[in-house]
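Next comes my_file.csv, a file with CSV, C-alpha atoms.
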```
chain,number,residue,atom,x,y,z
A,1,MET,CA,142.9,36.6,-61.4
A,2,SER,CA,145.6,33.9,-62.0
A,3,GLU,CA,144.9,30.4,-60.8
A,4,PRO,CA,147.7,30.0,-58.2
A,5,ARG,CA,146.7,33.4,-56.8
A,6,LEU,CA,143.1,32.2,-56.7
A,7,THR,CA,144.0,29.0,-54.9
A,8,GLU,CA,146.0,31.0,-52.3
A,9,SER,CA,143.1,33.4,-51.7
A,10,LEU,CA,140.7,30.4,-51.5
A,11,ILE,CA,143.0,28.8,-48.8
A,12,GLN,CA,143.0,32.1,-46.9
A,13,SER,CA,139.2,32.4,-47.2
A,14,LEU,CA,138.7,28.8,-45.9
A,15,GLY,CA,141.1,29.6,-43.1
A,16,GLU,CA,139.0,32.6,-42.1
A,17,GLN,CA,135.9,30.4,-42.1
A,18,LEU,CA,137.5,27.6,-40.0
A,19,THR,CA,135.6,26.5,-36.9
A,20,PRO,CA,136.4,23.5,-34.7
A,21,VAL,CA,134.5,20.3,-35.7
A,22,ARG,CA,133.4,17.3,-33.9
A,23,ARG,CA,135.3,14.3,-35.3
A,24,LEU,CA,133.2,11.5,-36.8
A,25,PRO,CA,133.3,8.5,-34.4
A,26,PRO,CA,135.0,5.3,-35.8
A,27,PRO,CA,132.9,3.0,-38.0
A,28,TRP,CA,132.6,0.2,-35.4
A,29,LEU,CA,131.2,2.7,-32.9
A,30,ARG,CA,128.6,4.0,-35.4
A,31,THR,CA,127.7,0.4,-36.2
A,32,ALA,CA,127.1,-0.3,-32.6
A,33,GLY,CA,124.8,2.8,-32.4
A,34,TRP,CA,122.7,1.5,-35.3
A,35,LEU,CA,122.6,-2.0,-33.7
A,36,LEU,CA,121.2,-0.5,-30.5
A,37,ALA,CA,118.1,0.6,-32.6
A,38,VAL,CA,117.9,-3.0,-34.0
A,39,ALA,CA,118.2,-4.4,-30.5
A,40,ALA,CA,115.5,-2.1,-29.2
A,41,ILE,CA,113.1,-3.5,-31.9
A,42,ALA,CA,114.2,-7.1,-31.1
A,43,THR,CA,113.4,-6.5,-27.4
A,44,TRP,CA,110.0,-5.1,-28.2
A,45,LEU,CA,109.2,-8.2,-30.5
A,46,LEU,CA,110.5,-10.6,-27.8
A,47,ALA,CA,108.4,-8.9,-25.2
A,48,HIS,CA,105.4,-9.3,-27.5
A,49,TYR,CA,106.0,-12.9,-28.8
A,50,GLY,CA,108.2,-14.4,-26.1
A,51,ILE,CA,111.4,-16.3,-26.6
A,52,ALA,CA,110.1,-19.8,-26.1
A,53,GLY,CA,108.6,-20.3,-29.6
A,54,MET,CA,111.8,-19.2,-31.3
A,55,LEU,CA,114.0,-21.5,-29.1
A,56,ARG,CA,111.7,-24.5,-29.6
A,57,ARG,CA,111.9,-24.0,-33.4
A,58,TRP,CA,115.7,-23.5,-33.3
A,59,SER,CA,116.3,-26.6,-31.2
A,60,GLY,CA,114.2,-28.8,-33.4
A,61,THR,CA,115.6,-27.5,-36.7
A,62,PRO,CA,119.2,-26.1,-36.3
A,63,ASP,CA,119.2,-25.0,-39.9
A,64,LEU,CA,116.6,-22.3,-39.0
A,65,ALA,CA,118.9,-21.2,-36.2
A,66,MET,CA,121.9,-21.1,-38.5
A,67,ALA,CA,119.9,-19.0,-41.0
A,68,GLY,CA,118.9,-16.6,-38.3
A,69,ILE,CA,122.5,-16.3,-37.0
A,70,GLY,CA,123.7,-15.8,-40.7
A,71,ALA,CA,121.2,-13.0,-41.1
A,72,VAL,CA,122.4,-11.2,-38.0
A,73,ILE,CA,126.1,-11.6,-38.9
A,74,THR,CA,125.3,-10.2,-42.4
A,75,ALA,CA,123.5,-7.2,-40.9
A,76,VAL,CA,126.4,-6.4,-38.5
A,77,CYS,CA,129.0,-6.8,-41.2
A,78,ALA,CA,127.1,-4.9,-43.9
A,79,ALA,CA,126.4,-2.0,-41.6
A,80,TRP,CA,130.0,-1.9,-40.6
A,81,ALA,CA,131.1,-1.9,-44.2
A,82,ALA,CA,128.6,0.9,-45.0
A,83,PHE,CA,130.1,3.1,-42.2
A,84,ALA,CA,133.7,2.2,-43.3
A,85,LEU,CA,132.8,3.1,-47.0
A,86,GLY,CA,131.5,6.5,-45.6
A,87,VAL,CA,135.1,7.6,-44.7
A,88,PRO,CA,137.3,8.8,-47.6
A,89,GLY,CA,140.4,6.8,-48.2
A,90,ARG,CA,138.9,3.5,-46.9
A,91,SER,CA,139.3,0.5,-49.3
A,92,ALA,CA,136.3,-0.6,-51.4
A,93,ARG,CA,137.3,-4.1,-50.3
A,94,TRP,CA,135.2,-3.4,-47.1
A,95,ALA,CA,132.2,-4.4,-49.3
A,96,TRP,CA,133.3,-8.0,-49.1
A,97,LEU,CA,132.9,-8.1,-45.3
A,98,PRO,CA,129.2,-9.3,-45.3
A,99,LEU,CA,130.0,-12.1,-47.7
A,100,PRO,CA,130.7,-15.0,-45.2
A,101,GLY,CA,127.5,-14.1,-43.2
A,102,LEU,CA,125.5,-13.9,-46.4
A,103,LEU,CA,126.7,-17.3,-47.5
A,104,LEU,CA,125.8,-18.8,-44.1
A,105,TRP,CA,122.4,-17.2,-44.2
A,106,VAL,CA,121.6,-18.3,-47.8
A,107,SER,CA,122.9,-21.8,-47.6
A,108,ALA,CA,121.2,-22.5,-44.2
A,109,SER,CA,117.9,-21.2,-45.6
A,110,GLY,CA,118.3,-23.4,-48.6
A,111,MET,CA,119.1,-26.4,-46.5
A,112,GLY,CA,115.8,-25.9,-44.7
A,113,CYS,CA,113.9,-26.6,-47.8
A,114,LEU,CA,115.6,-29.9,-48.3
A,115,ARG,CA,114.7,-31.3,-44.9
A,116,GLN,CA,112.0,-34.0,-44.6
A,117,TRP,CA,110.6,-33.0,-41.2
A,118,VAL,CA,108.7,-29.9,-40.3
A,119,ALA,CA,110.0,-27.6,-37.5
A,120,PRO,CA,108.2,-27.9,-34.2
A,121,ALA,CA,105.2,-25.6,-33.5
A,122,THR,CA,105.1,-24.4,-37.1
A,123,HIS,CA,103.4,-25.3,-40.3
A,124,VAL,CA,104.4,-24.9,-43.9
A,125,ALA,CA,103.7,-21.4,-45.1
A,126,SER,CA,100.9,-20.8,-47.5
A,127,LEU,CA,101.3,-18.2,-50.2
A,128,PRO,CA,99.4,-15.4,-48.3
A,129,GLU,CA,101.5,-16.2,-45.2
A,130,ALA,CA,104.7,-16.0,-47.3
A,131,ASN,CA,103.5,-12.6,-48.5
A,132,ASP,CA,103.4,-11.5,-44.8
A,133,CYS,CA,107.1,-12.3,-44.6
A,134,LEU,CA,107.7,-10.0,-47.6
A,135,VAL,CA,105.7,-7.2,-46.0
A,136,PHE,CA,107.4,-7.7,-42.6
A,137,ILE,CA,111.0,-7.5,-44.1
A,138,ILE,CA,110.2,-4.5,-46.3
A,139,SER,CA,108.3,-2.6,-43.5
A,140,PHE,CA,111.1,-3.1,-41.0
A,141,SER,CA,113.8,-2.3,-43.6
A,142,ILE,CA,112.4,1.2,-44.3
A,143,PRO,CA,113.1,2.7,-40.8
A,144,LEU,CA,116.4,0.8,-40.5
A,145,SER,CA,117.6,2.0,-43.9
A,146,ALA,CA,116.4,5.6,-43.2
A,147,LEU,CA,118.4,5.6,-39.9
A,148,LEU,CA,121.5,4.3,-41.7
A,149,ILE,CA,121.2,6.9,-44.5
A,150,LEU,CA,120.7,9.6,-41.9
A,151,LEU,CA,123.8,8.5,-40.0
A,152,LEU,CA,125.8,8.3,-43.2
A,153,ARG,CA,124.8,11.7,-44.5
A,154,ARG,CA,127.1,13.2,-41.9
A,155,ALA,CA,130.0,11.1,-43.4
A,156,CYS,CA,131.3,11.4,-46.9
A,157,PRO,CA,130.6,8.2,-48.9
A,158,LEU,CA,132.7,8.6,-52.1
A,159,ARG,CA,131.1,5.4,-53.5
A,160,PRO,CA,127.4,6.3,-52.8
A,161,VAL,CA,125.8,3.4,-54.7
A,162,LEU,CA,128.1,0.7,-53.2
A,163,THR,CA,127.4,2.2,-49.7
A,164,ALA,CA,123.7,2.2,-50.4
A,165,VAL,CA,123.8,-1.5,-51.4
A,166,MET,CA,125.5,-2.2,-48.0
A,167,ILE,CA,122.7,-0.2,-46.3
A,168,GLY,CA,120.0,-2.2,-48.1
A,169,LEU,CA,121.7,-5.5,-47.2
A,170,ALA,CA,122.2,-4.5,-43.6
A,171,SER,CA,118.6,-3.4,-43.1
A,172,ALA,CA,117.1,-6.4,-45.0
A,173,ALA,CA,119.3,-8.9,-43.1
A,174,ALA,CA,118.4,-7.2,-39.8
A,175,SER,CA,114.7,-7.4,-40.6
A,176,ALA,CA,115.0,-11.1,-41.6
A,177,GLY,CA,116.8,-11.7,-38.3
A,178,LEU,CA,114.0,-9.9,-36.4
A,179,LEU,CA,111.4,-12.0,-38.4
A,180,GLU,CA,112.9,-15.1,-36.8
A,181,ILE,CA,111.5,-14.0,-33.4
A,182,CYS,CA,107.9,-14.3,-34.7
A,183,HIS,CA,108.3,-16.5,-37.8
A,184,SER,CA,105.9,-19.4,-37.1
A,185,PHE,CA,106.4,-21.1,-40.5
A,186,ASP,CA,108.8,-23.7,-41.6
A,187,SER,CA,111.1,-23.1,-44.6
A,188,THR,CA,109.6,-23.8,-48.0
A,189,ALA,CA,110.8,-22.8,-51.4
A,190,THR,CA,108.0,-20.3,-51.7
A,191,ASP,CA,108.7,-18.7,-48.3
A,192,LEU,CA,112.4,-18.6,-49.1
A,193,MET,CA,111.7,-17.0,-52.5
A,194,MET,CA,109.6,-14.4,-50.7
A,195,HIS,CA,112.5,-13.7,-48.3
A,196,ALA,CA,115.0,-13.4,-51.2
A,197,LEU,CA,112.5,-11.2,-53.1
A,198,ALA,CA,112.1,-8.9,-50.1
A,199,VAL,CA,115.9,-8.6,-49.6
A,200,ALA,CA,116.4,-7.9,-53.4
A,201,ILE,CA,113.7,-5.2,-53.3
A,202,VAL,CA,115.2,-3.5,-50.3
A,203,VAL,CA,118.8,-3.6,-51.7
A,204,ALA,CA,117.6,-2.4,-55.2
A,205,VAL,CA,115.5,0.5,-53.8
A,206,ASN,CA,118.4,1.6,-51.6
A,207,ALA,CA,120.8,1.4,-54.5
A,208,ALA,CA,118.5,3.5,-56.6
A,209,MET,CA,117.4,6.1,-54.0
A,210,GLY,CA,120.1,5.9,-51.3
A,211,GLY,CA,122.8,6.3,-53.9
A,212,ARG,CA,121.3,9.7,-54.8
A,213,LEU,CA,120.7,10.7,-51.2
A,214,LEU,CA,124.3,9.9,-50.3
A,215,GLN,CA,125.9,11.8,-53.2
A,216,PRO,CA,128.9,13.8,-51.9
A,217,ARG,CA,127.8,17.4,-51.6
B,1,MET,CA,145.5,30.3,-32.0
B,2,SER,CA,147.6,27.4,-30.7
B,3,ASP,CA,151.1,26.7,-31.8
B,4,VAL,CA,151.7,24.1,-34.5
B,5,THR,CA,153.3,21.4,-32.4
B,6,THR,CA,154.8,19.2,-35.1
B,7,SER,CA,158.5,18.9,-35.2
B,8,ALA,CA,160.7,19.2,-38.2
B,9,SER,CA,161.9,15.6,-37.9
B,10,ASP,CA,158.4,14.2,-38.7
B,11,SER,CA,157.8,12.8,-42.2
B,12,PRO,CA,155.8,15.2,-44.5
B,13,GLU,CA,152.8,12.9,-44.3
B,14,ARG,CA,152.8,12.6,-40.5
B,15,ARG,CA,153.2,16.4,-40.4
B,16,ARG,CA,150.2,16.9,-42.6
B,17,ALA,CA,148.2,14.4,-40.5
B,18,ALA,CA,149.1,16.4,-37.3
B,19,TRP,CA,148.2,19.7,-38.9
B,20,MET,CA,144.8,18.4,-40.0
B,21,ALA,CA,144.1,17.1,-36.5
B,22,GLU,CA,145.0,20.6,-35.2
B,23,ALA,CA,142.8,22.2,-37.9
B,24,GLN,CA,139.9,20.0,-36.7
B,25,ALA,CA,140.3,21.7,-33.3
B,26,GLY,CA,140.2,25.1,-35.0
B,27,ASP,CA,143.9,26.0,-35.5
B,28,ARG,CA,143.8,28.3,-38.6
B,29,ARG,CA,147.6,28.4,-39.1
B,30,ALA,CA,147.8,24.6,-39.2
B,31,TYR,CA,144.8,24.5,-41.5
B,32,GLU,CA,146.3,26.9,-44.0
B,33,ARG,CA,149.6,25.0,-44.0
B,34,VAL,CA,148.0,21.6,-44.6
B,35,LEU,CA,145.8,23.0,-47.4
B,36,ALA,CA,148.8,24.6,-49.0
B,37,GLU,CA,150.8,21.4,-48.8
B,38,SER,CA,147.7,19.5,-50.2
B,39,VAL,CA,147.7,21.4,-53.5
B,40,PRO,CA,150.5,19.4,-55.2
B,41,LEU,CA,149.0,16.1,-53.9
B,42,ILE,CA,145.6,17.1,-55.4
B,43,ARG,CA,147.2,18.1,-58.7
B,44,ALA,CA,149.0,14.7,-58.8
B,45,ALA,CA,145.7,12.8,-58.1
B,46,ALA,CA,143.9,14.8,-60.8
B,47,ARG,CA,146.6,14.1,-63.3
B,48,ARG,CA,146.5,10.4,-62.4
B,49,GLN,CA,142.8,10.3,-63.2
B,50,GLY,CA,143.5,11.9,-66.6
B,51,VAL,CA,142.2,15.5,-66.0
B,52,PRO,CA,143.6,17.8,-68.7
B,53,ILE,CA,146.2,20.2,-67.4
B,54,ASP,CA,144.1,23.3,-68.0
B,55,HIS,CA,141.3,21.9,-65.8
B,56,VAL,CA,143.6,20.7,-62.9
B,57,ASP,CA,143.2,24.0,-61.0
B,58,ASP,CA,139.4,23.7,-61.0
B,59,VAL,CA,139.8,20.2,-59.4
B,60,VAL,CA,142.3,21.7,-56.9
B,61,GLN,CA,139.7,24.4,-55.9
B,62,GLU,CA,136.7,22.0,-55.8
B,63,THR,CA,138.8,19.5,-53.7
B,64,LEU,CA,139.8,22.2,-51.2
B,65,LEU,CA,136.2,23.2,-50.8
B,66,ALA,CA,135.2,19.5,-50.3
B,67,VAL,CA,138.0,19.1,-47.7
B,68,HIS,CA,136.6,22.1,-45.9
B,69,ARG,CA,133.1,20.6,-45.8
B,70,VAL,CA,134.1,17.1,-44.8
B,71,ARG,CA,137.1,17.8,-42.6
B,72,HIS,CA,135.3,16.2,-39.6
B,73,THR,CA,135.6,12.8,-41.4
B,74,TYR,CA,139.4,12.7,-41.1
B,75,ASP,CA,140.7,10.2,-38.5
B,76,PRO,CA,144.2,11.4,-37.4
B,77,ALA,CA,145.2,7.8,-36.6
B,78,ARG,CA,145.1,7.1,-40.4
B,79,SER,CA,146.9,8.5,-43.5
B,80,TYR,CA,146.0,12.1,-44.4
B,81,ASP,CA,147.4,11.6,-47.9
B,82,ALA,CA,145.1,8.6,-48.6
B,83,TRP,CA,142.1,10.5,-47.2
B,84,LEU,CA,142.9,13.6,-49.4
B,85,SER,CA,143.7,11.6,-52.5
B,86,ALA,CA,140.4,9.7,-52.3
B,87,ILE,CA,138.5,13.1,-52.2
B,88,ALA,CA,140.6,14.6,-55.0
B,89,SER,CA,140.2,11.5,-57.2
B,90,ARG,CA,136.4,11.7,-56.8
B,91,ARG,CA,136.4,15.4,-57.7
B,92,ALA,CA,138.6,14.6,-60.7
B,93,VAL,CA,136.2,12.0,-61.9
B,94,ASP,CA,133.3,14.5,-61.4
B,95,ALA,CA,135.2,17.1,-63.4
B,96,LEU,CA,135.8,14.6,-66.3
B,97,ARG,CA,132.1,13.6,-66.3
B,98,SER,CA,130.9,17.2,-66.4
B,99,GLN,CA,133.4,17.9,-69.3
B,100,GLY,CA,132.0,14.9,-71.1
B,101,ARG,CA,128.5,16.1,-70.6
B,102,ARG,CA,129.4,19.6,-71.9
B,103,GLY,CA,131.2,18.0,-74.9
B,104,ARG,CA,128.1,16.1,-75.8
B,105,ARG,CA,125.9,19.1,-75.6
B,106,GLU,CA,128.2,21.3,-77.7
B,107,LEU,CA,127.8,20.7,-81.4
B,108,HIS,CA,130.9,20.7,-83.7
B,109,ASP,CA,131.1,23.9,-85.8
B,110,GLU,CA,130.7,22.1,-89.1
B,111,HIS,CA,127.7,20.1,-88.0
B,112,ALA,CA,126.1,23.2,-86.5
B,113,PHE,CA,126.7,25.2,-89.6
B,114,ASP,CA,125.3,22.6,-91.9
B,115,THR,CA,122.2,21.9,-89.9
B,116,HIS,CA,121.5,25.3,-88.3
B,117,ALA,CA,123.0,27.9,-90.7
B,118,ASP,CA,122.0,31.4,-89.8
B,119,VAL,CA,119.3,33.0,-91.8
B,120,ASP,CA,121.0,36.3,-92.3
B,121,ASP,CA,118.1,38.7,-92.8
B,122,ALA,CA,116.9,41.7,-90.9
B,123,THR,CA,114.0,39.9,-89.2
B,124,ALA,CA,116.3,37.2,-87.6
B,125,SER,CA,118.7,39.8,-86.4
B,126,THR,CA,115.9,41.9,-84.8
B,127,GLU,CA,114.5,38.8,-83.2
B,128,ARG,CA,117.9,37.9,-81.7
B,129,GLU,CA,118.3,41.4,-80.4
B,130,GLN,CA,114.8,41.3,-78.8
B,131,ASP,CA,115.6,37.9,-77.2
B,132,ALA,CA,118.9,39.2,-75.8
B,133,ARG,CA,117.1,42.3,-74.4
B,134,ARG,CA,114.3,40.2,-72.8
B,135,LEU,CA,117.0,37.9,-71.2
B,136,ARG,CA,118.9,41.0,-69.9
B,137,GLU,CA,115.7,42.4,-68.5
B,138,ALA,CA,114.8,39.1,-66.9
B,139,ILE,CA,118.2,38.8,-65.3
B,140,ALA,CA,118.0,42.3,-64.0
B,141,ALA,CA,114.6,41.6,-62.4
B,142,LEU,CA,116.0,38.7,-60.4
B,143,PRO,CA,116.7,39.1,-56.6
B,144,PRO,CA,120.2,40.5,-56.0
B,145,GLY,CA,121.7,37.2,-54.8
B,146,GLN,CA,120.4,35.2,-57.8
B,147,ARG,CA,121.4,38.0,-60.2
B,148,GLU,CA,125.0,37.9,-58.8
B,149,ALA,CA,125.2,34.1,-59.2
B,150,VAL,CA,124.0,34.3,-62.8
B,151,GLU,CA,126.5,37.1,-63.6
B,152,GLN,CA,129.5,35.4,-62.0
B,153,LEU,CA,128.9,31.8,-62.9
B,154,GLY,CA,126.9,32.1,-66.1
B,155,LEU,CA,127.8,35.3,-67.9
B,156,LYS,CA,131.4,35.8,-66.8
B,157,GLU,CA,132.0,32.0,-66.7
B,158,ARG,CA,133.9,32.1,-63.5
B,159,SER,CA,134.5,28.8,-61.6
B,160,LEU,CA,132.6,28.2,-58.4
B,161,ALA,CA,135.7,28.8,-56.2
B,162,GLU,CA,136.6,32.0,-58.1
B,163,ALA,CA,133.0,33.3,-57.8
B,164,ALA,CA,133.0,32.5,-54.1
B,165,ALA,CA,136.3,34.3,-53.5
B,166,ILE,CA,135.1,37.3,-55.4
B,167,THR,CA,131.7,37.7,-53.9
B,168,GLY,CA,132.6,36.5,-50.4
B,169,ARG,CA,129.7,34.1,-50.5
B,170,GLN,CA,129.8,30.3,-49.7
B,171,SER,CA,130.0,28.2,-52.9
B,172,GLY,CA,126.9,26.3,-51.6
B,173,ALA,CA,124.9,29.6,-51.5
B,174,LEU,CA,126.1,30.5,-55.0
B,175,LYS,CA,125.0,27.1,-56.3
B,176,VAL,CA,121.6,27.4,-54.7
B,177,ASN,CA,121.1,31.0,-56.0
B,178,LEU,CA,122.1,29.9,-59.5
B,179,HIS,CA,119.7,27.0,-59.4
B,180,ARG,CA,116.9,29.2,-58.2
B,181,ALA,CA,117.7,31.9,-60.8
B,182,LEU,CA,117.7,29.3,-63.7
B,183,LYS,CA,114.4,27.9,-62.5
B,184,ALA,CA,112.9,31.4,-62.3
B,185,LEU,CA,114.2,32.2,-65.8
B,186,ARG,CA,112.9,28.9,-67.2
B,187,THR,CA,109.5,29.6,-65.7
B,188,ARG,CA,109.5,33.1,-67.1
B,189,PHE,CA,110.3,32.1,-70.7
B,190,HIS,CA,108.8,28.6,-71.0
B,191,GLY,CA,106.2,28.7,-68.3
B,192,ASP,CA,107.2,25.3,-66.8
B,193,PRO,CA,108.7,25.4,-63.3
```
Can you turn what I pasted into structure tokens?
Amino acid sequence: MSEPRLTESLIQSLGEQLTPVRRLPPPWLRTAGWLLAVAAIATWLLAHYGIAGMLRRWSGTPDLAMAGIGAVITAVCAAWAAFALGVPGRSARWAWLPLPGLLLWVSASGMGCLRQWVAPATHVASLPEANDCLVFIISFSIPLSALLILLLRRACPLRPVLTAVMIGLASAAASAGLLEICHSFDSTATDLMMHALAVAIVVAVNAAMGGRLLQPR
Amino acid sequence: MSDVTTSASDSPERRRAAWMAEAQAGDRRAYERVLAESVPLIRAAARRQGVPIDHVDDVVQETLLAVHRVRHTYDPARSYDAWLSAIASRRAVDALRSQGRRGRRELHDEHAFDTHADVDDATASTEREQDARRLREAIAALPPGQREAVEQLGLKERSLAEAAAITGRQSGALKVNLHRALKALRTRFHGDP
């Protein structure tokens, strides 16, 4: 069978198999859906730990507040970028969207270590306590990444590894934001290193595994 | 089937976008038109990526199949051509990679002849015949769907799209059957699943 004839018969056969499809909602709407899950976890943590401790820490040490806000902005932008990258034809430049939030998050966290005073109602984290931060960020990142991967499998990410990096960044940043609700330690270089290590692990595991899971079928 | 509502005054790109939107709603005529008009765009994208001319038709067929699978991801408010070109470019890169892999696996004639020259005696010839017979028997013993996939894709070396058109099976089902068949044959001959 010649190739043009074959293409024609393929088009005809695809036409025969055509069924109406439900269009993929726009990336911002899908991002909002994922953020609802994050908000549900935040509500549960706030109900458990209360909001007063977090507000007292934030009013005494604005750098902690800035770091928390930076993490949340990073999570929103990275999730949005992941959903945009899941649509064929969207620019790879979407991957830069989380950068401003990331810079705020990293620089405010770093500033916290340079401060002379200790945040109210906290103490400086010991190594085992800093380990708890690592466990918290990784444990919350797993379901949040899984949800993003599940939502993105219905899309068509043509750059699966870049999309998976965005998924890792979004879920690690969201988990770090959630950690602010119950984080009773002040910033130290050790604690900051643990946060950075947790984020790096989550992003790397997503890039390695998520990239494969998101391969176009 | 609804009428294709685009007017002749629309630009070709807007017309394709409107047809794809109608195809998403299930309009077969609009779908076949947009796919037919997509073929030159896919060919251009494949050539831009450096796909050799004799492999362009494979990229066209693979892209059409991909478009069918992911047609729900097209947003009619955006460019159809950009959406299609992104899928076609990806398929072209996949095709180039798989050609590269095949090229690395295949030995050049001279090298193969120097290092693995045939021992042309009666024993080797008999062994080859026995191996071929065992393989034919093993393929014949496969379940019908798996046997069909091996025959079409392996023995007759048809493309996925061609095999799908001939057998009337979905290309995904063919891929799964081929994968299962190869696994079964490997287990039979080497004992490792």
Å distance separating atom CA of Gly112 of chain A from atom CA of Ala95 of chain A, one decimal place: 27.4 Å
Could you work out which residues of chain B fall inside 6 Å of chain A? Count only C-alpha atoms, and format the result as a list of chain:residue names. B:Gln24, B:Ala25, B:Gly26, B:Arg28, B:Glu32, B:His72, B:Thr73, B:Ala82, B:Trp83, B:Ala86
May I ask for the distance between atom CA of Leu104 of chain A and atom CA of Met66 of chain A, given in Å to one decimal place? 7.2 Å
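With only C-alpha atoms as the atoms that count, the minimum distance from Ala46 of chain B to the choices B:Val176, B:Leu160, B:Leu84, B:Ala149 is reached by B:Leu84.
Of the listed residues A:Ser171, A:Trp94, A:Leu99, A:Gly211, the one whose atoms come nearest to Leu144 of chain A is A:Ser171, with distances taken using all atoms listed in the file.
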Let me have the centre and edge lengths of the axis-aligned box enclosing all listed atoms of segment 156-163 of chain B with 4 Å padding on every side, in Å to one decimal, as JSON.
```
{"center_x": 134.0, "center_y": 32.0, "center_z": -61.5, "size_x": 13.2, "size_y": 15.6, "size_z": 18.6}
```
Contacts of segment 131-140 of chain A at 7 Å (all atoms listed in the file; same-chain gap of 3+ positions) as a list in words: Leu127, Pro128, Pro143, Leu144, Ala172, Ser175, Ala176, Met194, His195, Ala198 and Val202 of chain A
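Atom CA of Arg153 of chain A is positioned 27.4 Å from atom CA of Gln146 of chain B.
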Give me, as an MDAnalysis selection string, all polymer residues having an atom no more than 12 Å from Arg33 of chain B, counting only C-alpha atoms and skipping those fewer than 3 positions away in the same chain. (chainID A and resid 8 11:12 14:15) or (chainID B and resid 4 6 12 15:20 22:23 27:30 36:39)
Ranking A:Ala42, A:Ala146, A:Ala84, A:Ala208 by minimum distance to Asp75 of chain B and counting all atoms listed in the file, which one comes first? A:Ala84
Residues within 12 Å of segment 36-38 of chain A, please, as a VMD selection string. Count all atoms listed in the file; anything in the same chain fewer than 4 positions from it doesn't count. chain A and resid 29 to 32 42 to 45 72 75 to 76 79 140 to 141 143 to 148 170 to 179
Write the residues you've just listed into a file as a PDB file, in the coordinates of the input, and include C-alpha atoms for each of them.
```
ATOM      1  CA  LEU A  29     131.200   2.700 -32.900  1.00  0.00           C
ATOM      2  CA  ARG A  30     128.600   4.000 -35.400  1.00  0.00           C
ATOM      3  CA  THR A  31     127.700   0.400 -36.200  1.00  0.00           C
ATOM      4  CA  ALA A  32     127.100  -0.300 -32.600  1.00  0.00           C
ATOM      5  CA  ALA A  42     114.200  -7.100 -31.100  1.00  0.00           C
ATOM      6  CA  THR A  43     113.400  -6.500 -27.400  1.00  0.00           C
ATOM      7  CA  TRP A  44     110.000  -5.100 -28.200  1.00  0.00           C
ATOM      8  CA  LEU A  45     109.200  -8.200 -30.500  1.00  0.00           C
ATOM      9  CA  VAL A  72     122.400 -11.200 -38.000  1.00  0.00           C
ATOM     10  CA  ALA A  75     123.500  -7.200 -40.900  1.00  0.00           C
ATOM     11  CA  VAL A  76     126.400  -6.400 -38.500  1.00  0.00           C
ATOM     12  CA  ALA A  79     126.400  -2.000 -41.600  1.00  0.00           C
ATOM     13  CA  PHE A 140     111.100  -3.100 -41.000  1.00  0.00           C
ATOM     14  CA  SER A 141     113.800  -2.300 -43.600  1.00  0.00           C
ATOM     15  CA  PRO A 143     113.100   2.700 -40.800  1.00  0.00           C
ATOM     16  CA  LEU A 144     116.400   0.800 -40.500  1.00  0.00           C
ATOM     17  CA  SER A 145     117.600   2.000 -43.900  1.00  0.00           C
ATOM     18  CA  ALA A 146     116.400   5.600 -43.200  1.00  0.00           C
ATOM     19  CA  LEU A 147     118.400   5.600 -39.900  1.00  0.00           C
ATOM     20  CA  LEU A 148     121.500   4.300 -41.700  1.00  0.00           C
ATOM     21  CA  ALA A 170     122.200  -4.500 -43.600  1.00  0.00           C
ATOM     22  CA  SER A 171     118.600  -3.400 -43.100  1.00  0.00           C
ATOM     23  CA  ALA A 172     117.100  -6.400 -45.000  1.00  0.00           C
ATOM     24  CA  ALA A 173     119.300  -8.900 -43.100  1.00  0.00           C
ATOM     25  CA  ALA A 174     118.400  -7.200 -39.800  1.00  0.00           C
ATOM     26  CA  SER A 175     114.700  -7.400 -40.600  1.00  0.00           C
ATOM     27  CA  ALA A 176     115.000 -11.100 -41.600  1.00  0.00           C
ATOM     28  CA  GLY A 177     116.800 -11.700 -38.300  1.00  0.00           C
ATOM     29  CA  LEU A 178     114.000  -9.900 -36.400  1.00  0.00           C
ATOM     30  CA  LEU A 179     111.400 -12.000 -38.400  1.00  0.00           C
TER      31      LEU A 179
END
```
Write out as a short mmCIF file (atom, residue, chain, number, x, y, z; two decimals) with C-alpha atoms, in the coordinates of the input which residues come within 10 Å of Trp96 of chain A when counting only C-alpha atoms, dropping same-chain ones fewer than 5 positions away.
```
data_model
loop_
_atom_site.label_atom_id
_atom_site.label_comp_id
_atom_site.auth_asym_id
_atom_site.auth_seq_id
_atom_site.Cartn_x
_atom_site.Cartn_y
_atom_site.Cartn_z
CA CYS A 77 129.00 -6.80 -41.20
CA ALA A 78 127.10 -4.90 -43.90
CA ALA A 81 131.10 -1.90 -44.20
CA MET A 166 125.50 -2.20 -48.00
#
```
